Amino acid sequence: MRVKRRSKHRKVVKFYATCFGFRKPYNVLVDGTFVHHLLHHRLLPADNALQALLSASRPPPLFTSKCVLAELRRLGKSHANVFDAAGLLATAKCEHDKVVSAVDCILSLIGDTNPEHFFVATQDSNLQAKLREVPGVPVIYGLKSSLFIEQPSVQQRKFAQLDEEKRLHMGKSEYQKLLKVASDGKMAASENASDDGKKRRPIRSLVENALGVADKSKFKKKRPKGPNPLSCKKKKSKPQLTAAQNQGPKADGEAKRKRVTKRKRSHKDSKQTETAS
């Protein structure tokens with residue numbers, strides 16, 4: 001469960017970083033209810049707990065306001081420890097001559113677009129509901145001994161989507177500016193090309209006529225290549241015979257043809273020839 005929770009929190013932080021420009025170190029604006037929750041559930045030190053929640057490389061700076069401190073002072077001794085703990089935090093400058101409620105003070109610090117990129121940590125449900133309507137305000141709250149980042153509301157997601165579409169599509173004024181710049185660039189390029197052509201064309205034509213060089217295409221046509229010589233088998237060369245070897249068999253054949261076989265006559269054949277005579 002902790003791993004899934006961390007991955008969800010990282011996705012929320014990444015959403016606000018990409019869509020609303022939040023950068024490290026993240027600033028956290030804290031009210032009295034959240035400080036009371038931290039002390040009651042002993043989530044101390046608070047900066048380390050928020051560092052783990054935001055997956056930051058170092059503890060984030062914590063802020064409060066003078067109006068929040070004044071509200072805690074009014075609550076008396078029951079919240080003295082909360083007042084002392086809140087007094088250790090850095091105070092964000094609010095433009096209130098007279099002390100107002102903590103909710104109004106935090107809303108005035110956030111404004112319409114949250115220019116200081118505050119993460120607001122509060123346990124006040126009314127304040128959380130009002131902050132959901134303001135784009136780019138992530139809300140941190142506690143549940144027992146765990147801290148959570150509220151998922152972006154539907155309004156914040158719609159605002160981020162519209163802002164992204166505005167970035168992608170240019171307005172009419174920007175489009176006209178681009179057309180003017182493009183036309184000016186084309187005119188300047190054509191003038192430079194014409195000046196260069198007047199200067200360079202006669203020299204180039206003389207050289208080409210003198211050398212007889214014709215214009216060649218920049219890209220050569222690909223022709224079918226022959227087989228790879230390494231992949232082909234080499235032809236076996238037949239052994240060449242010498243002149244003596246070529247004449248040898250012919251002489252023997254002629255000698256065999258010329259040879260006359262004499263028939264040996266036996267003693268009986270000689271007697272028959274004598275009687276016949």
# chains A, B, ... in the order shown; residues from 1 in each chain; ligands from 1

call {"tool": "select_by_dssp", "arguments": {"residues": "stretch 13-177 of chain A", "states": "alpha helix (DSSP H)", "output": "VMD selection string"}}
result
chain A and resid 13 to 20 32 to 40 46 to 54 66 to 74 80 to 87 102 to 110 125 to 132 154 to 168 172 to 177

call {"tool": "write_last_selection", "arguments": {"atoms": "C-alpha atoms", "output": "PDB file, in the first residue's frame"}}
result
ATOM      1  CA  VAL A  13       3.625  16.389  -7.893  1.00  0.00           C
ATOM      2  CA  LYS A  14       4.684  15.740 -11.499  1.00  0.00           C
ATOM      3  CA  PHE A  15       1.308  17.031 -12.744  1.00  0.00           C
ATOM      4  CA  TYR A  16       1.744  20.351 -10.939  1.00  0.00           C
ATOM      5  CA  ALA A  17       5.391  20.578 -12.009  1.00  0.00           C
ATOM      6  CA  THR A  18       4.632  20.087 -15.717  1.00  0.00           C
ATOM      7  CA  CYS A  19       1.341  21.991 -15.953  1.00  0.00           C
ATOM      8  CA  PHE A  20       1.867  24.839 -13.448  1.00  0.00           C
ATOM      9  CA  GLY A  32      -2.938  26.221  12.501  1.00  0.00           C
ATOM     10  CA  THR A  33      -5.094  23.116  11.996  1.00  0.00           C
ATOM     11  CA  PHE A  34      -2.309  21.273  10.185  1.00  0.00           C
ATOM     12  CA  VAL A  35       0.255  22.197  12.856  1.00  0.00           C
ATOM     13  CA  HIS A  36      -2.123  20.827  15.497  1.00  0.00           C
ATOM     14  CA  HIS A  37      -2.488  17.580  13.535  1.00  0.00           C
ATOM     15  CA  LEU A  38       1.294  17.155  13.284  1.00  0.00           C
ATOM     16  CA  LEU A  39       1.751  17.641  17.038  1.00  0.00           C
ATOM     17  CA  HIS A  40      -1.201  15.447  17.989  1.00  0.00           C
ATOM     18  CA  ALA A  46       7.471  18.057  10.115  1.00  0.00           C
ATOM     19  CA  ASP A  47       9.892  19.015   7.331  1.00  0.00           C
ATOM     20  CA  ASN A  48      11.171  15.431   7.062  1.00  0.00           C
ATOM     21  CA  ALA A  49       7.616  14.074   6.895  1.00  0.00           C
ATOM     22  CA  LEU A  50       6.757  16.510   4.089  1.00  0.00           C
ATOM     23  CA  GLN A  51      10.015  15.715   2.304  1.00  0.00           C
ATOM     24  CA  ALA A  52       9.037  12.045   2.175  1.00  0.00           C
ATOM     25  CA  LEU A  53       5.539  12.989   0.999  1.00  0.00           C
ATOM     26  CA  LEU A  54       6.782  15.167  -1.866  1.00  0.00           C
ATOM     27  CA  LYS A  66       0.973  36.610  10.869  1.00  0.00           C
ATOM     28  CA  CYS A  67      -2.808  36.297  10.641  1.00  0.00           C
ATOM     29  CA  VAL A  68      -2.559  32.541  11.357  1.00  0.00           C
ATOM     30  CA  LEU A  69      -0.325  33.247  14.378  1.00  0.00           C
ATOM     31  CA  ALA A  70      -2.752  35.876  15.636  1.00  0.00           C
ATOM     32  CA  GLU A  71      -5.649  33.410  15.364  1.00  0.00           C
ATOM     33  CA  LEU A  72      -3.695  30.793  17.342  1.00  0.00           C
ATOM     34  CA  ARG A  73      -2.851  33.372  20.024  1.00  0.00           C
ATOM     35  CA  ARG A  74      -6.563  34.105  20.491  1.00  0.00           C
ATOM     36  CA  ALA A  80      -0.120  27.330  23.322  1.00  0.00           C
ATOM     37  CA  ASN A  81       2.077  24.483  22.062  1.00  0.00           C
ATOM     38  CA  VAL A  82       0.595  24.893  18.557  1.00  0.00           C
ATOM     39  CA  PHE A  83       1.317  28.631  18.689  1.00  0.00           C
ATOM     40  CA  ASP A  84       4.912  28.009  19.791  1.00  0.00           C
ATOM     41  CA  ALA A  85       5.488  25.433  17.012  1.00  0.00           C
ATOM     42  CA  ALA A  86       3.955  27.730  14.361  1.00  0.00           C
ATOM     43  CA  GLY A  87       6.135  30.593  15.565  1.00  0.00           C
ATOM     44  CA  ALA A 102      -6.595  32.413   8.665  1.00  0.00           C
ATOM     45  CA  VAL A 103      -8.796  31.258   5.750  1.00  0.00           C
ATOM     46  CA  ASP A 104      -9.029  34.757   4.222  1.00  0.00           C
ATOM     47  CA  CYS A 105      -5.315  35.342   4.732  1.00  0.00           C
ATOM     48  CA  ILE A 106      -4.310  32.107   2.983  1.00  0.00           C
ATOM     49  CA  LEU A 107      -6.724  32.773   0.106  1.00  0.00           C
ATOM     50  CA  SER A 108      -5.233  36.262  -0.351  1.00  0.00           C
ATOM     51  CA  LEU A 109      -1.715  34.793  -0.428  1.00  0.00           C
ATOM     52  CA  ILE A 110      -2.774  32.244  -3.044  1.00  0.00           C
ATOM     53  CA  SER A 125     -12.555  21.261   4.874  1.00  0.00           C
ATOM     54  CA  ASN A 126     -14.044  24.668   3.946  1.00  0.00           C
ATOM     55  CA  LEU A 127     -10.630  25.985   2.965  1.00  0.00           C
ATOM     56  CA  GLN A 128      -9.923  22.821   0.970  1.00  0.00           C
ATOM     57  CA  ALA A 129     -13.165  23.250  -0.985  1.00  0.00           C
ATOM     58  CA  LYS A 130     -12.296  26.858  -1.864  1.00  0.00           C
ATOM     59  CA  LEU A 131      -8.765  25.948  -2.926  1.00  0.00           C
ATOM     60  CA  ARG A 132     -10.078  23.310  -5.357  1.00  0.00           C
ATOM     61  CA  VAL A 154     -11.720  18.463 -12.405  1.00  0.00           C
ATOM     62  CA  GLN A 155     -11.452  22.244 -12.703  1.00  0.00           C
ATOM     63  CA  GLN A 156      -7.666  22.158 -12.354  1.00  0.00           C
ATOM     64  CA  ARG A 157      -7.356  19.462 -15.017  1.00  0.00           C
ATOM     65  CA  LYS A 158      -9.589  21.443 -17.398  1.00  0.00           C
ATOM     66  CA  PHE A 159      -7.553  24.583 -16.802  1.00  0.00           C
ATOM     67  CA  ALA A 160      -4.309  22.698 -17.518  1.00  0.00           C
ATOM     68  CA  GLN A 161      -5.788  21.267 -20.736  1.00  0.00           C
ATOM     69  CA  LEU A 162      -6.962  24.682 -21.952  1.00  0.00           C
ATOM     70  CA  ASP A 163      -3.602  26.219 -21.140  1.00  0.00           C
ATOM     71  CA  GLU A 164      -1.841  23.517 -23.154  1.00  0.00           C
ATOM     72  CA  GLU A 165      -4.158  24.101 -26.134  1.00  0.00           C
ATOM     73  CA  LYS A 166      -3.406  27.822 -26.024  1.00  0.00           C
ATOM     74  CA  ARG A 167       0.296  27.073 -26.188  1.00  0.00           C
ATOM     75  CA  LEU A 168      -0.162  24.815 -29.188  1.00  0.00           C
ATOM     76  CA  LYS A 172      -3.941  35.997 -35.021  1.00  0.00           C
ATOM     77  CA  SER A 173      -1.366  38.593 -33.985  1.00  0.00           C
ATOM     78  CA  GLU A 174       1.369  35.974 -33.660  1.00  0.00           C
ATOM     79  CA  TYR A 175       0.398  34.454 -37.015  1.00  0.00           C
ATOM     80  CA  GLN A 176       0.597  37.851 -38.739  1.00  0.00           C
ATOM     81  CA  LYS A 177       4.001  38.499 -37.184  1.00  0.00           C
TER      82      LYS A 177
END

call {"tool": "residues_around", "arguments": {"residues": "A:Lys93", "least_positions_apart": "3", "cutoff": "10 Å", "atoms": "only C-alpha atoms", "output": "MDAnalysis selection string"}}
result
chainID A and resid 63:66 90 96 109

call {"tool": "write_last_selection", "arguments": {"atoms": "N, CA, C and O atoms", "output": "mmCIF file, in the first residue's frame"}}
result
data_model
loop_
_atom_site.group_PDB
_atom_site.id
_atom_site.type_symbol
_atom_site.label_atom_id
_atom_site.label_comp_id
_atom_site.auth_asym_id
_atom_site.auth_seq_id
_atom_site.Cartn_x
_atom_site.Cartn_y
_atom_site.Cartn_z
ATOM 1 N N PHE A 63 6.026 27.649 5.600
ATOM 2 C CA PHE A 63 5.630 29.035 5.813
ATOM 3 C C PHE A 63 4.287 29.083 6.521
ATOM 4 O O PHE A 63 3.459 28.175 6.410
ATOM 5 N N THR A 64 4.087 30.181 7.232
ATOM 6 C CA THR A 64 2.790 30.523 7.800
ATOM 7 C C THR A 64 2.630 32.029 7.660
ATOM 8 O O THR A 64 3.446 32.684 7.015
ATOM 9 N N SER A 65 1.585 32.597 8.236
ATOM 10 C CA SER A 65 1.362 34.038 8.125
ATOM 11 C C SER A 65 1.087 34.625 9.506
ATOM 12 O O SER A 65 0.771 33.918 10.467
ATOM 13 N N LYS A 66 1.195 35.938 9.577
ATOM 14 C CA LYS A 66 0.973 36.610 10.869
ATOM 15 C C LYS A 66 -0.488 36.519 11.293
ATOM 16 O O LYS A 66 -0.795 36.504 12.502
ATOM 17 N N ALA A 90 8.769 30.064 9.019
ATOM 18 C CA ALA A 90 8.947 31.334 8.316
ATOM 19 C C ALA A 90 7.581 31.941 8.021
ATOM 20 O O ALA A 90 6.600 31.218 7.774
ATOM 21 N N HIS A 96 -2.071 42.760 4.929
ATOM 22 C CA HIS A 96 -3.231 43.024 5.782
ATOM 23 C C HIS A 96 -2.780 43.953 6.912
ATOM 24 O O HIS A 96 -1.945 43.564 7.742
ATOM 25 N N LEU A 109 -3.082 35.152 -0.037
ATOM 26 C CA LEU A 109 -1.715 34.793 -0.428
ATOM 27 C C LEU A 109 -1.706 33.945 -1.706
ATOM 28 O O LEU A 109 -0.804 34.073 -2.540
#

call {"tool": "closest_residue", "arguments": {"among": "A:Arg23, A:Leu62, A:Ser55, A:Val120", "to": "A:Arg10", "atoms": "only C-alpha atoms"}}
result
A:Ser55

call {"tool": "select_by_dssp", "arguments": {"residues": "stretch 34-170 of chain A", "states": "strand (DSSP E)", "output": "list of chain:residue names"}}
result
A:Leu62, A:Phe63, A:Thr64, A:Ala90, A:Thr91, A:Phe118, A:Phe119, A:Val120, A:Ala121, A:Val139, A:Ile140, A:Tyr141, A:Gly142, A:Leu143, A:Ser146, A:Leu147, A:Phe148, A:Ile149

call {"tool": "closest_residue", "arguments": {"among": "A:Thr91, A:Pro45, A:Lys225, A:Lys144", "to": "A:Val30", "atoms": "only C-alpha atoms"}}
result
A:Thr91

call {"tool": "closest_residue", "arguments": {"among": "A:His41, A:Lys24, A:Lys180, A:Arg5", "to": "A:Ser145", "atoms": "only C-alpha atoms"}}
result
A:His41

call {"tool": "closest_residue", "arguments": {"among": "A:Cys94, A:Ser101, A:Leu89, A:Ile149", "to": "A:Arg6", "atoms": "only C-alpha atoms"}}
result
A:Ile149
